[in-house]
Amino acid sequence: MGMLYQVILRRVFIGVVTLFCVSAIIFAAVQMLPGDMAQQILGQSATPETLSALRHELGLDQSPLTRYLHWVYGSLHGDFGTSLSNGRPVAEMIGQRMVNTLFLASYTALIAVPLAVTLGLFAALYKDSLYDRFVNVISLAAVSLPEFFIGYILILMFSVTYSVFPSIADVPASASFFDRLYSAFLPVLTLTMVITAHMMRMTRVAVLDLLMLPYIEMAKLKGLSRFKIVIRHALPNAWAPIVNVVAVNLAYLITGVVVVEVVFVYPGLGQLMVDSVVKRDFMVVQACCCIFAVVYISINLLADIISISTNPRLLHRK
Amino acid sequence: MNILTVFKQMSWTARLGIILIALYAFMAVFGPYITPYSETQIVGGEYDPWSAQTWLGTDNLGRDMFSRLIFGARNTIGIALLSTFLAFVIGGVLGLVAATVGGWFEAVLSRIVDMLMSVPQLIGALLLLTIFGTSLLNLVFVIALVDSTRIYRLAKSVAMNVVVTDYMEAARVRGEGLVWLVMFELLPNVKAPLIAEFGLRFCFVFLTISSLSFLGLGLQPPMADWGSMVRENASLISFGDLTPLIPAAAIGVLAIAVNFVVDWFLAQRR
């Protein structure tokens, strides 16, 4: 067991280092801006005096390393600087929106993960059956459809033709939990359809790959039923790949969230980020980018840890 | 004859895919000759309904939807193809060279790529577009750059199995240069998986660009483009009008068609 903790500790350490490198890359990318931030804000007609005053105010007269460290230190304390477009603290703009986005993502994950794993297992179980082929074609199609297409079709069906669910998922901060579940239902359904298709296909392949191994052949020769082979023999070994599949798709969810939030006018981080890109508000984009990267890296880290702990053989891998 | 026999052996999904792709290619190449109006010509009022003159009605500025839909094929597919191609040149060349050279070059490059890959693709593209601005040229480069990390990974891992073969060793001992090694020894032997990947990456790039355009950050007006056409006319949907969904469907159908063909291609090789 001690060995397991060591491996996990090492993974967490690598994760933290990656995070620092990514934040440095993001920070460096913003510095590559043609001209500098003060020039961008004031435009070409600015006088040298106002330029240097703003440079001083933004701390641009300090060395990049000092600014980077200052920024990291601030971010760790929840201070992401002030927005360039409206002068409000970035942390204040992000706060509630981050909660909303996490709510949307976890709501989706709770529905999509069990659904996809079950569907994928059955598709592997009844490989080449009519069900398998049907699900395969449908999911291949669903993978290819843009999120906004699915979103608008659902709006057309559930809020225009039959007014069952609202098309605008704008929840006031005071809304009760059930109101939130209700008004976020269509965005969640959209995301669920997109990632379930991905996840299901990958689960199916992961289980099918296992079914080709010799010990499964042995179980087959013993005369076990296909159901028993999959549930008792394949599944315990399939957890690690399935967890990875789930992680990949939850990470994919981050990208999907951006588009879906715009379609449903959902007050989340993705929408804020898109608005800020249009306004070229670097401080907000930089902060959002880091938050998305943190979530992405954490999900992958968690998946790594779960697969290591369900499969002791991974402990000895280099 | 050969192509016909292959076509006959395909699964029905792959055959459907090929036919659809050919149709899109036709629209993209001959677009300007078959549309009744030009890309930016204003032909009627705002949001006119479907009629004999404007088959799919007009958009938010009174431009013909049908003409813009066909022009969109050229713009959207063209930009996506260009970006994918560029991504393959950057990622593919770096990946193959890294596998051939090995050593610190490969180690450093792979670590950098790992770092870049821990930022989700769309988010990375959004960051870069904020910095460089949303011009067409920037869009192509940003998408290519962000996508090339995935291609680097694949090209390197496929090439790793080839660089250890005897014929590569023989060529090296013969004193061939890096360019020869990569172009004539390595590339012919890693072509097949890279071609299949090209199809998949094209789909991905195409969907990413459409999403960016939908968000207002991809192809810029007045260029006709499917993603931005959905965005510009989305308000019609709340009146139960299907028209804005047609460009969205055009995106989806092409992606499905390519996926069907790639799926068949991959199943062939198993």
# chains A, B, ... in the order shown; residues from 1 in each chain; ligands from 1
call {"tool": "interface_residues", "arguments": {"of": "chain A", "to": "chain B", "cutoff": "8 Å", "atoms": "only C-alpha atoms", "output": "PDB file with N, CA and C atoms, in the first residue's frame"}}
result
ATOM      1  N   THR A  18       3.086  20.556 -13.958  1.00  0.00           N
ATOM      2  CA  THR A  18       2.454  20.835 -15.255  1.00  0.00           C
ATOM      3  C   THR A  18       1.648  22.112 -15.188  1.00  0.00           C
ATOM      4  N   CYS A  21       3.793  25.124 -15.336  1.00  0.00           N
ATOM      5  CA  CYS A  21       4.319  25.338 -16.686  1.00  0.00           C
ATOM      6  C   CYS A  21       3.229  25.907 -17.585  1.00  0.00           C
ATOM      7  N   VAL A  22       2.005  25.335 -17.458  1.00  0.00           N
ATOM      8  CA  VAL A  22       0.913  25.806 -18.314  1.00  0.00           C
ATOM      9  C   VAL A  22       0.614  27.266 -18.010  1.00  0.00           C
ATOM     10  N   ALA A  29       2.230  33.715 -23.496  1.00  0.00           N
ATOM     11  CA  ALA A  29       1.475  33.925 -24.737  1.00  0.00           C
ATOM     12  C   ALA A  29       0.862  35.321 -24.754  1.00  0.00           C
ATOM     13  N   VAL A  30       0.333  35.732 -23.592  1.00  0.00           N
ATOM     14  CA  VAL A  30      -0.289  37.056 -23.543  1.00  0.00           C
ATOM     15  C   VAL A  30       0.760  38.149 -23.726  1.00  0.00           C
ATOM     16  N   MET A  32       3.133  38.026 -25.753  1.00  0.00           N
ATOM     17  CA  MET A  32       3.540  38.079 -27.158  1.00  0.00           C
ATOM     18  C   MET A  32       2.717  39.064 -27.970  1.00  0.00           C
ATOM     19  N   LEU A  33       1.737  39.623 -27.304  1.00  0.00           N
ATOM     20  CA  LEU A  33       0.858  40.616 -27.901  1.00  0.00           C
ATOM     21  C   LEU A  33       1.641  41.652 -28.705  1.00  0.00           C
ATOM     22  N   PRO A  34       1.192  41.921 -29.930  1.00  0.00           N
ATOM     23  CA  PRO A  34       1.864  42.987 -30.685  1.00  0.00           C
ATOM     24  C   PRO A  34       1.717  44.316 -29.935  1.00  0.00           C
ATOM     25  N   LEU A 140     -22.127   7.442 -34.091  1.00  0.00           N
ATOM     26  CA  LEU A 140     -21.201   8.036 -35.058  1.00  0.00           C
ATOM     27  C   LEU A 140     -21.782   9.346 -35.580  1.00  0.00           C
ATOM     28  N   ALA A 141     -23.084   9.339 -35.815  1.00  0.00           N
ATOM     29  CA  ALA A 141     -23.733  10.562 -36.283  1.00  0.00           C
ATOM     30  C   ALA A 141     -23.706  11.631 -35.201  1.00  0.00           C
ATOM     31  N   SER A 144     -20.563  13.542 -34.805  1.00  0.00           N
ATOM     32  CA  SER A 144     -20.237  14.477 -35.872  1.00  0.00           C
ATOM     33  C   SER A 144     -21.068  15.750 -35.847  1.00  0.00           C
ATOM     34  N   LEU A 145     -22.151  15.768 -35.091  1.00  0.00           N
ATOM     35  CA  LEU A 145     -23.003  16.951 -35.132  1.00  0.00           C
ATOM     36  C   LEU A 145     -22.435  18.038 -34.231  1.00  0.00           C
ATOM     37  N   PRO A 146     -22.435  19.288 -34.710  1.00  0.00           N
ATOM     38  CA  PRO A 146     -21.965  20.367 -33.836  1.00  0.00           C
ATOM     39  C   PRO A 146     -22.921  20.554 -32.661  1.00  0.00           C
ATOM     40  N   PHE A 148     -24.111  23.129 -31.269  1.00  0.00           N
ATOM     41  CA  PHE A 148     -25.178  24.123 -31.412  1.00  0.00           C
ATOM     42  C   PHE A 148     -26.332  23.591 -32.252  1.00  0.00           C
ATOM     43  N   PHE A 149     -26.044  22.642 -33.152  1.00  0.00           N
ATOM     44  CA  PHE A 149     -27.108  22.032 -33.947  1.00  0.00           C
ATOM     45  C   PHE A 149     -28.040  21.241 -33.036  1.00  0.00           C
ATOM     46  N   TYR A 152     -30.068  23.619 -30.774  1.00  0.00           N
ATOM     47  CA  TYR A 152     -31.194  24.317 -31.386  1.00  0.00           C
ATOM     48  C   TYR A 152     -32.332  23.363 -31.734  1.00  0.00           C
ATOM     49  N   ILE A 153     -31.983  22.129 -32.114  1.00  0.00           N
ATOM     50  CA  ILE A 153     -33.052  21.165 -32.397  1.00  0.00           C
ATOM     51  C   ILE A 153     -33.862  20.888 -31.136  1.00  0.00           C
ATOM     52  N   ILE A 155     -34.194  22.938 -28.621  1.00  0.00           N
ATOM     53  CA  ILE A 155     -34.991  24.146 -28.362  1.00  0.00           C
ATOM     54  C   ILE A 155     -36.264  24.120 -29.206  1.00  0.00           C
ATOM     55  N   LEU A 156     -36.057  23.778 -30.491  1.00  0.00           N
ATOM     56  CA  LEU A 156     -37.197  23.745 -31.407  1.00  0.00           C
ATOM     57  C   LEU A 156     -38.239  22.742 -30.928  1.00  0.00           C
ATOM     58  N   VAL A 160     -40.181  25.429 -28.407  1.00  0.00           N
ATOM     59  CA  VAL A 160     -40.989  26.145 -29.395  1.00  0.00           C
ATOM     60  C   VAL A 160     -42.237  25.346 -29.734  1.00  0.00           C
ATOM     61  N   THR A 161     -42.047  24.094 -30.192  1.00  0.00           N
ATOM     62  CA  THR A 161     -43.195  23.281 -30.579  1.00  0.00           C
ATOM     63  C   THR A 161     -44.027  22.887 -29.353  1.00  0.00           C
ATOM     64  N   ALA A 251     -13.225  15.883 -19.837  1.00  0.00           N
ATOM     65  CA  ALA A 251     -12.366  16.975 -20.279  1.00  0.00           C
ATOM     66  C   ALA A 251     -12.944  17.602 -21.547  1.00  0.00           C
ATOM     67  N   TYR A 252     -13.509  16.745 -22.393  1.00  0.00           N
ATOM     68  CA  TYR A 252     -14.128  17.235 -23.629  1.00  0.00           C
ATOM     69  C   TYR A 252     -15.337  18.110 -23.305  1.00  0.00           C
ATOM     70  N   ILE A 254     -15.588  20.304 -21.169  1.00  0.00           N
ATOM     71  CA  ILE A 254     -15.161  21.688 -20.975  1.00  0.00           C
ATOM     72  C   ILE A 254     -15.320  22.478 -22.262  1.00  0.00           C
ATOM     73  N   THR A 255     -14.919  21.860 -23.379  1.00  0.00           N
ATOM     74  CA  THR A 255     -15.037  22.540 -24.661  1.00  0.00           C
ATOM     75  C   THR A 255     -16.502  22.687 -25.041  1.00  0.00           C
ATOM     76  N   VAL A 259     -19.713  26.322 -26.028  1.00  0.00           N
ATOM     77  CA  VAL A 259     -20.701  26.526 -27.086  1.00  0.00           C
ATOM     78  C   VAL A 259     -22.126  26.447 -26.529  1.00  0.00           C
ATOM     79  N   VAL A 262     -23.405  29.465 -24.753  1.00  0.00           N
ATOM     80  CA  VAL A 262     -23.778  30.563 -25.653  1.00  0.00           C
ATOM     81  C   VAL A 262     -25.150  30.293 -26.275  1.00  0.00           C
ATOM     82  N   VAL A 274     -16.021  33.844 -23.975  1.00  0.00           N
ATOM     83  CA  VAL A 274     -16.276  34.250 -25.365  1.00  0.00           C
ATOM     84  C   VAL A 274     -16.478  35.767 -25.457  1.00  0.00           C
ATOM     85  N   VAL A 277     -13.166  37.432 -25.189  1.00  0.00           N
ATOM     86  CA  VAL A 277     -12.334  37.312 -26.383  1.00  0.00           C
ATOM     87  C   VAL A 277     -12.730  38.390 -27.385  1.00  0.00           C
ATOM     88  N   VAL A 278     -14.058  38.603 -27.522  1.00  0.00           N
ATOM     89  CA  VAL A 278     -14.535  39.630 -28.448  1.00  0.00           C
ATOM     90  C   VAL A 278     -14.016  41.003 -28.023  1.00  0.00           C
ATOM     91  N   ARG A 280     -11.426  41.537 -26.322  1.00  0.00           N
ATOM     92  CA  ARG A 280      -9.979  41.396 -26.123  1.00  0.00           C
ATOM     93  C   ARG A 280      -9.563  41.814 -24.715  1.00  0.00           C
ATOM     94  N   ASP A 281     -10.310  41.286 -23.754  1.00  0.00           N
ATOM     95  CA  ASP A 281     -10.019  41.555 -22.343  1.00  0.00           C
ATOM     96  C   ASP A 281      -9.072  40.456 -21.833  1.00  0.00           C
ATOM     97  N   PHE A 282      -7.774  40.724 -21.949  1.00  0.00           N
ATOM     98  CA  PHE A 282      -6.784  39.671 -21.682  1.00  0.00           C
ATOM     99  C   PHE A 282      -6.828  39.134 -20.265  1.00  0.00           C
ATOM    100  N   VAL A 285      -9.636  36.569 -20.055  1.00  0.00           N
ATOM    101  CA  VAL A 285      -9.357  35.383 -20.863  1.00  0.00           C
ATOM    102  C   VAL A 285      -8.253  34.552 -20.218  1.00  0.00           C
ATOM    103  N   GLN A 286      -7.227  35.247 -19.774  1.00  0.00           N
ATOM    104  CA  GLN A 286      -6.096  34.593 -19.117  1.00  0.00           C
ATOM    105  C   GLN A 286      -6.574  33.798 -17.900  1.00  0.00           C
ATOM    106  N   CYS A 289      -8.841  30.818 -18.948  1.00  0.00           N
ATOM    107  CA  CYS A 289      -7.988  29.802 -19.558  1.00  0.00           C
ATOM    108  C   CYS A 289      -7.307  28.966 -18.482  1.00  0.00           C
ATOM    109  N   PHE A 292      -9.879  26.656 -16.727  1.00  0.00           N
ATOM    110  CA  PHE A 292     -10.187  25.491 -17.559  1.00  0.00           C
ATOM    111  C   PHE A 292      -9.022  24.499 -17.550  1.00  0.00           C
ATOM    112  N   ALA A 293      -7.788  25.026 -17.604  1.00  0.00           N
ATOM    113  CA  ALA A 293      -6.619  24.143 -17.597  1.00  0.00           C
ATOM    114  C   ALA A 293      -6.519  23.393 -16.272  1.00  0.00           C
ATOM    115  N   TYR A 296      -9.093  20.647 -16.287  1.00  0.00           N
ATOM    116  CA  TYR A 296      -8.669  19.625 -17.252  1.00  0.00           C
ATOM    117  C   TYR A 296      -7.565  18.744 -16.676  1.00  0.00           C
ATOM    118  N   ILE A 297      -6.557  19.400 -16.106  1.00  0.00           N
ATOM    119  CA  ILE A 297      -5.432  18.641 -15.546  1.00  0.00           C
ATOM    120  C   ILE A 297      -5.895  17.825 -14.339  1.00  0.00           C
TER     121      ILE A 297
END
call {"tool": "residues_around", "arguments": {"residues": "A:Leu186", "least_positions_apart": "6", "cutoff": "10 Å", "atoms": "only C-alpha atoms", "output": "NGL selection string"}}
result
:A and (151-152 or 154-155 or 158-159 or 165-169 or 192 or 260 or 264)
call {"tool": "select_by_dssp", "arguments": {"residues": "stretch 39-79 of chain A", "states": "helix (DSSP H, G or I)", "output": "list in words"}}
result
Gln39, Gln40, Ile41, Leu42, Pro48, Glu49, Thr50, Leu51, Ser52, Ala53, Leu54, Arg55, His56, Glu57, Leu58, Pro64, Leu65, Thr66, Arg67, Tyr68, Leu69, His70, Trp71, Val72, Tyr73, Gly74, Ser75 and Leu76 of chain A
call {"tool": "write_last_selection", "arguments": {"atoms": "N, CA, C and O atoms", "output": "mmCIF file, in the first residue's frame"}}
result
data_model
loop_
_atom_site.group_PDB
_atom_site.id
_atom_site.type_symbol
_atom_site.label_atom_id
_atom_site.label_comp_id
_atom_site.auth_asym_id
_atom_site.auth_seq_id
_atom_site.Cartn_x
_atom_site.Cartn_y
_atom_site.Cartn_z
ATOM 1 N N GLN A 39 -0.651 49.827 -24.848
ATOM 2 C CA GLN A 39 -0.863 50.296 -26.225
ATOM 3 C C GLN A 39 -2.216 49.821 -26.739
ATOM 4 O O GLN A 39 -2.950 50.562 -27.376
ATOM 5 N N GLN A 40 -2.512 48.528 -26.438
ATOM 6 C CA GLN A 40 -3.771 47.942 -26.895
ATOM 7 C C GLN A 40 -4.970 48.668 -26.313
ATOM 8 O O GLN A 40 -5.961 48.889 -26.985
ATOM 9 N N ILE A 41 -4.877 49.025 -25.034
ATOM 10 C CA ILE A 41 -6.030 49.637 -24.370
ATOM 11 C C ILE A 41 -6.234 51.060 -24.890
ATOM 12 O O ILE A 41 -7.347 51.460 -25.212
ATOM 13 N N LEU A 42 -5.142 51.804 -25.001
ATOM 14 C CA LEU A 42 -5.274 53.225 -25.330
ATOM 15 C C LEU A 42 -5.368 53.487 -26.829
ATOM 16 O O LEU A 42 -5.802 54.556 -27.243
ATOM 17 N N PRO A 48 2.576 59.749 -25.205
ATOM 18 C CA PRO A 48 3.577 58.974 -24.465
ATOM 19 C C PRO A 48 3.378 59.066 -22.951
ATOM 20 O O PRO A 48 3.626 58.092 -22.238
ATOM 21 N N GLU A 49 2.878 60.226 -22.454
ATOM 22 C CA GLU A 49 2.710 60.390 -20.991
ATOM 23 C C GLU A 49 1.640 59.445 -20.469
ATOM 24 O O GLU A 49 1.865 58.713 -19.508
ATOM 25 N N THR A 50 0.461 59.428 -21.131
ATOM 26 C CA THR A 50 -0.603 58.547 -20.655
ATOM 27 C C THR A 50 -0.182 57.093 -20.772
ATOM 28 O O THR A 50 -0.498 56.274 -19.919
ATOM 29 N N LEU A 51 0.563 56.805 -21.862
ATOM 30 C CA LEU A 51 1.038 55.426 -22.051
ATOM 31 C C LEU A 51 1.901 54.991 -20.877
ATOM 32 O O LEU A 51 1.693 53.923 -20.302
ATOM 33 N N SER A 52 2.872 55.831 -20.526
ATOM 34 C CA SER A 52 3.797 55.415 -19.462
ATOM 35 C C SER A 52 3.068 55.385 -18.123
ATOM 36 O O SER A 52 3.376 54.561 -17.259
ATOM 37 N N ALA A 53 2.074 56.258 -17.952
ATOM 38 C CA ALA A 53 1.305 56.235 -16.709
ATOM 39 C C ALA A 53 0.547 54.921 -16.579
ATOM 40 O O ALA A 53 0.561 54.273 -15.532
ATOM 41 N N LEU A 54 -0.083 54.507 -17.689
ATOM 42 C CA LEU A 54 -0.859 53.259 -17.654
ATOM 43 C C LEU A 54 0.077 52.065 -17.495
ATOM 44 O O LEU A 54 -0.234 51.113 -16.781
ATOM 45 N N ARG A 55 1.229 52.140 -18.169
ATOM 46 C CA ARG A 55 2.213 51.056 -18.029
ATOM 47 C C ARG A 55 2.584 50.885 -16.561
ATOM 48 O O ARG A 55 2.677 49.777 -16.059
ATOM 49 N N HIS A 56 2.778 52.014 -15.902
ATOM 50 C CA HIS A 56 3.150 51.954 -14.490
ATOM 51 C C HIS A 56 2.003 51.365 -13.666
ATOM 52 O O HIS A 56 2.209 50.509 -12.804
ATOM 53 N N GLU A 57 0.773 51.787 -14.018
ATOM 54 C CA GLU A 57 -0.387 51.326 -13.266
ATOM 55 C C GLU A 57 -0.575 49.811 -13.426
ATOM 56 O O GLU A 57 -0.893 49.102 -12.478
ATOM 57 N N LEU A 58 -0.352 49.318 -14.653
ATOM 58 C CA LEU A 58 -0.507 47.884 -14.904
ATOM 59 C C LEU A 58 0.730 47.098 -14.471
ATOM 60 O O LEU A 58 0.752 45.877 -14.540
ATOM 61 N N PRO A 64 9.276 40.848 -16.751
ATOM 62 C CA PRO A 64 8.233 39.825 -16.950
ATOM 63 C C PRO A 64 8.185 38.817 -15.808
ATOM 64 O O PRO A 64 7.094 38.415 -15.383
ATOM 65 N N LEU A 65 9.352 38.440 -15.298
ATOM 66 C CA LEU A 65 9.388 37.425 -14.242
ATOM 67 C C LEU A 65 8.677 37.940 -12.986
ATOM 68 O O LEU A 65 7.872 37.234 -12.378
ATOM 69 N N THR A 66 8.961 39.189 -12.621
ATOM 70 C CA THR A 66 8.311 39.784 -11.451
ATOM 71 C C THR A 66 6.803 39.778 -11.636
ATOM 72 O O THR A 66 6.047 39.416 -10.731
ATOM 73 N N ARG A 67 6.370 40.189 -12.862
ATOM 74 C CA ARG A 67 4.937 40.255 -13.116
ATOM 75 C C ARG A 67 4.307 38.882 -13.058
ATOM 76 O O ARG A 67 3.218 38.708 -12.537
ATOM 77 N N TYR A 68 5.033 37.876 -13.608
ATOM 78 C CA TYR A 68 4.501 36.516 -13.598
ATOM 79 C C TYR A 68 4.310 36.034 -12.161
ATOM 80 O O TYR A 68 3.244 35.530 -11.792
ATOM 81 N N LEU A 69 5.354 36.219 -11.356
ATOM 82 C CA LEU A 69 5.285 35.751 -9.964
ATOM 83 C C LEU A 69 4.174 36.482 -9.214
ATOM 84 O O LEU A 69 3.421 35.882 -8.450
ATOM 85 N N HIS A 70 4.065 37.772 -9.492
ATOM 86 C CA HIS A 70 3.033 38.583 -8.863
ATOM 87 C C HIS A 70 1.640 38.048 -9.224
ATOM 88 O O HIS A 70 0.763 37.902 -8.376
ATOM 89 N N TRP A 71 1.506 37.716 -10.524
ATOM 90 C CA TRP A 71 0.222 37.223 -11.023
ATOM 91 C C TRP A 71 -0.128 35.871 -10.406
ATOM 92 O O TRP A 71 -1.250 35.641 -9.956
ATOM 93 N N VAL A 72 0.885 34.957 -10.369
ATOM 94 C CA VAL A 72 0.639 33.634 -9.789
ATOM 95 C C VAL A 72 0.273 33.769 -8.317
ATOM 96 O O VAL A 72 -0.701 33.169 -7.843
ATOM 97 N N TYR A 73 1.027 34.617 -7.616
ATOM 98 C CA TYR A 73 0.776 34.811 -6.187
ATOM 99 C C TYR A 73 -0.648 35.330 -5.974
ATOM 100 O O TYR A 73 -1.390 34.827 -5.136
ATOM 101 N N GLY A 74 -1.025 36.326 -6.786
ATOM 102 C CA GLY A 74 -2.377 36.884 -6.690
ATOM 103 C C GLY A 74 -3.436 35.832 -6.986
ATOM 104 O O GLY A 74 -4.406 35.677 -6.242
ATOM 105 N N SER A 75 -3.229 35.057 -8.079
ATOM 106 C CA SER A 75 -4.219 34.058 -8.489
ATOM 107 C C SER A 75 -4.442 33.020 -7.402
ATOM 108 O O SER A 75 -5.566 32.599 -7.159
ATOM 109 N N LEU A 76 -3.357 32.624 -6.746
ATOM 110 C CA LEU A 76 -3.480 31.617 -5.695
ATOM 111 C C LEU A 76 -4.299 32.160 -4.532
ATOM 112 O O LEU A 76 -4.903 31.406 -3.782
#
call {"tool": "residues_around", "arguments": {"residues": "A:Val230", "least_positions_apart": "3", "cutoff": "9 Å", "atoms": "only C-alpha atoms", "output": "number ranges by chain"}}
result
A: 121, 124-125, 207, 211, 216, 225-227, 233-235
call {"tool": "closest_residue", "arguments": {"among": "A:Ala206, A:Met93, A:Leu181, A:Leu253", "to": "A:Phe80", "atoms": "only C-alpha atoms"}}
result
A:Met93
call {"tool": "atom_distance", "arguments": {"atom1": "atom CA of A:Arg204", "atom2": "atom CA of A:Asn136"}}
result
9.7 Å
call {"tool": "residues_around", "arguments": {"residues": "stretch 99-107 of chain B", "least_positions_apart": "3", "cutoff": "12 Å", "atoms": "only C-alpha atoms", "output": "JSON, numbers by chain"}}
result
{"B": [92, 93, 94, 95, 96, 110, 111, 112, 113, 114, 152, 153, 154, 155, 156, 157, 158, 159, 160, 161, 162, 163, 164, 165, 168, 169, 171, 172, 177, 178, 179, 180, 181, 182, 183, 185, 186, 187, 190]}
call {"tool": "write_last_selection", "arguments": {"atoms": "C-alpha atoms", "output": "PDB file, in the first residue's frame"}}
result
ATOM      1  CA  GLY B  92       3.798  15.555 -39.023  1.00  0.00           C
ATOM      2  CA  VAL B  93       7.242  16.858 -39.956  1.00  0.00           C
ATOM      3  CA  LEU B  94       8.183  17.583 -36.337  1.00  0.00           C
ATOM      4  CA  GLY B  95       6.873  14.190 -35.206  1.00  0.00           C
ATOM      5  CA  LEU B  96       8.705  12.208 -37.892  1.00  0.00           C
ATOM      6  CA  SER B 110       7.626  16.011 -26.491  1.00  0.00           C
ATOM      7  CA  ARG B 111       7.573  17.717 -23.089  1.00  0.00           C
ATOM      8  CA  ILE B 112       6.541  21.014 -24.712  1.00  0.00           C
ATOM      9  CA  VAL B 113       3.772  19.245 -26.631  1.00  0.00           C
ATOM     10  CA  ASP B 114       2.586  17.542 -23.421  1.00  0.00           C
ATOM     11  CA  TYR B 152       2.846  15.322 -33.565  1.00  0.00           C
ATOM     12  CA  ARG B 153       1.922  12.725 -30.938  1.00  0.00           C
ATOM     13  CA  LEU B 154       0.455  10.317 -33.484  1.00  0.00           C
ATOM     14  CA  ALA B 155       3.172  10.770 -36.102  1.00  0.00           C
ATOM     15  CA  LYS B 156       5.855  10.217 -33.490  1.00  0.00           C
ATOM     16  CA  SER B 157       4.284   7.125 -31.983  1.00  0.00           C
ATOM     17  CA  VAL B 158       3.687   5.532 -35.394  1.00  0.00           C
ATOM     18  CA  ALA B 159       7.189   6.419 -36.569  1.00  0.00           C
ATOM     19  CA  MET B 160       8.800   5.039 -33.406  1.00  0.00           C
ATOM     20  CA  ASN B 161       7.984   1.501 -34.590  1.00  0.00           C
ATOM     21  CA  VAL B 162       9.538   2.145 -37.982  1.00  0.00           C
ATOM     22  CA  VAL B 163      12.780   3.890 -36.993  1.00  0.00           C
ATOM     23  CA  VAL B 164      14.028   0.728 -35.274  1.00  0.00           C
ATOM     24  CA  THR B 165      13.641  -1.444 -38.405  1.00  0.00           C
ATOM     25  CA  MET B 168      16.131   2.385 -41.515  1.00  0.00           C
ATOM     26  CA  GLU B 169      19.344   1.203 -39.888  1.00  0.00           C
ATOM     27  CA  ALA B 171      19.907   3.670 -44.710  1.00  0.00           C
ATOM     28  CA  ARG B 172      21.527   5.341 -41.747  1.00  0.00           C
ATOM     29  CA  GLY B 177      20.773  12.522 -44.667  1.00  0.00           C
ATOM     30  CA  LEU B 178      17.834  13.387 -42.435  1.00  0.00           C
ATOM     31  CA  VAL B 179      15.675  14.568 -45.338  1.00  0.00           C
ATOM     32  CA  TRP B 180      16.141  11.295 -47.224  1.00  0.00           C
ATOM     33  CA  LEU B 181      15.481   9.220 -44.106  1.00  0.00           C
ATOM     34  CA  VAL B 182      12.233  10.989 -43.353  1.00  0.00           C
ATOM     35  CA  MET B 183      10.960  11.419 -46.908  1.00  0.00           C
ATOM     36  CA  GLU B 185      12.348   5.581 -45.727  1.00  0.00           C
ATOM     37  CA  LEU B 186       9.952   6.690 -43.010  1.00  0.00           C
ATOM     38  CA  LEU B 187       7.077   8.481 -44.720  1.00  0.00           C
ATOM     39  CA  VAL B 190       3.616   5.528 -41.920  1.00  0.00           C
TER      40      VAL B 190
END
call {"tool": "closest_residue", "arguments": {"among": "A:Val113, A:Ile242, A:Ala142, A:Leu224", "to": "A:Val194", "atoms": "only C-alpha atoms"}}
result
A:Ala142
call {"tool": "residues_around", "arguments": {"residues": "A:Gly270", "least_positions_apart": "6", "cutoff": "7 Å", "atoms": "only C-alpha atoms", "output": "MDAnalysis selection string"}}
result
chainID A and resid 257:258 261
call {"tool": "residues_around", "arguments": {"residues": "B:Glu39", "least_positions_apart": "2", "cutoff": "7 Å", "atoms": "only C-alpha atoms", "output": "ChimeraX atom specification"}}
result
/B:37,41,67-68,71,224
call {"tool": "write_last_selection", "arguments": {"atoms": "C-alpha atoms", "output": "PDB file, in the first residue's frame"}}
result
ATOM      1  CA  TYR B  37     -27.102  35.435 -56.436  1.00  0.00           C
ATOM      2  CA  GLN B  41     -25.848  40.725 -52.703  1.00  0.00           C
ATOM      3  CA  SER B  67     -26.686  31.215 -52.381  1.00  0.00           C
ATOM      4  CA  ARG B  68     -24.891  31.812 -49.105  1.00  0.00           C
ATOM      5  CA  PHE B  71     -20.809  29.785 -50.971  1.00  0.00           C
ATOM      6  CA  ALA B 224     -20.690  33.305 -46.002  1.00  0.00           C
TER       7      ALA B 224
END
call {"tool": "atom_distance", "arguments": {"atom1": "atom CA of A:Ala91", "atom2": "atom CA of A:Gly256"}}
result
23.0 Å
call {"tool": "atom_distance", "arguments": {"atom1": "atom CA of B:Ala98", "atom2": "atom CA of B:Ile151"}}
result
12.5 Å
call {"tool": "residues_around", "arguments": {"residues": "B:Pro49", "least_positions_apart": "2", "cutoff": "10 Å", "atoms": "only C-alpha atoms", "output": "PDB file with C-alpha atoms, in the first residue's frame"}}
result
ATOM      1  CA  GLY B  45     -36.173  42.268 -47.025  1.00  0.00           C
ATOM      2  CA  GLU B  46     -34.864  40.882 -43.743  1.00  0.00           C
ATOM      3  CA  TYR B  47     -35.908  37.309 -42.965  1.00  0.00           C
ATOM      4  CA  SER B  51     -40.174  31.708 -52.160  1.00  0.00           C
ATOM      5  CA  THR B  54     -35.158  33.027 -52.799  1.00  0.00           C
ATOM      6  CA  TRP B  55     -35.510  29.298 -52.262  1.00  0.00           C
ATOM      7  CA  LEU B  56     -34.586  29.309 -48.607  1.00  0.00           C
ATOM      8  CA  GLY B  57     -35.660  32.863 -47.880  1.00  0.00           C
ATOM      9  CA  THR B  58     -33.304  35.675 -46.915  1.00  0.00           C
ATOM     10  CA  ASP B  59     -31.109  36.187 -43.897  1.00  0.00           C
ATOM     11  CA  ASP B 241     -38.542  28.476 -38.479  1.00  0.00           C
ATOM     12  CA  THR B 243     -34.008  27.799 -41.927  1.00  0.00           C
TER      13      THR B 243
END
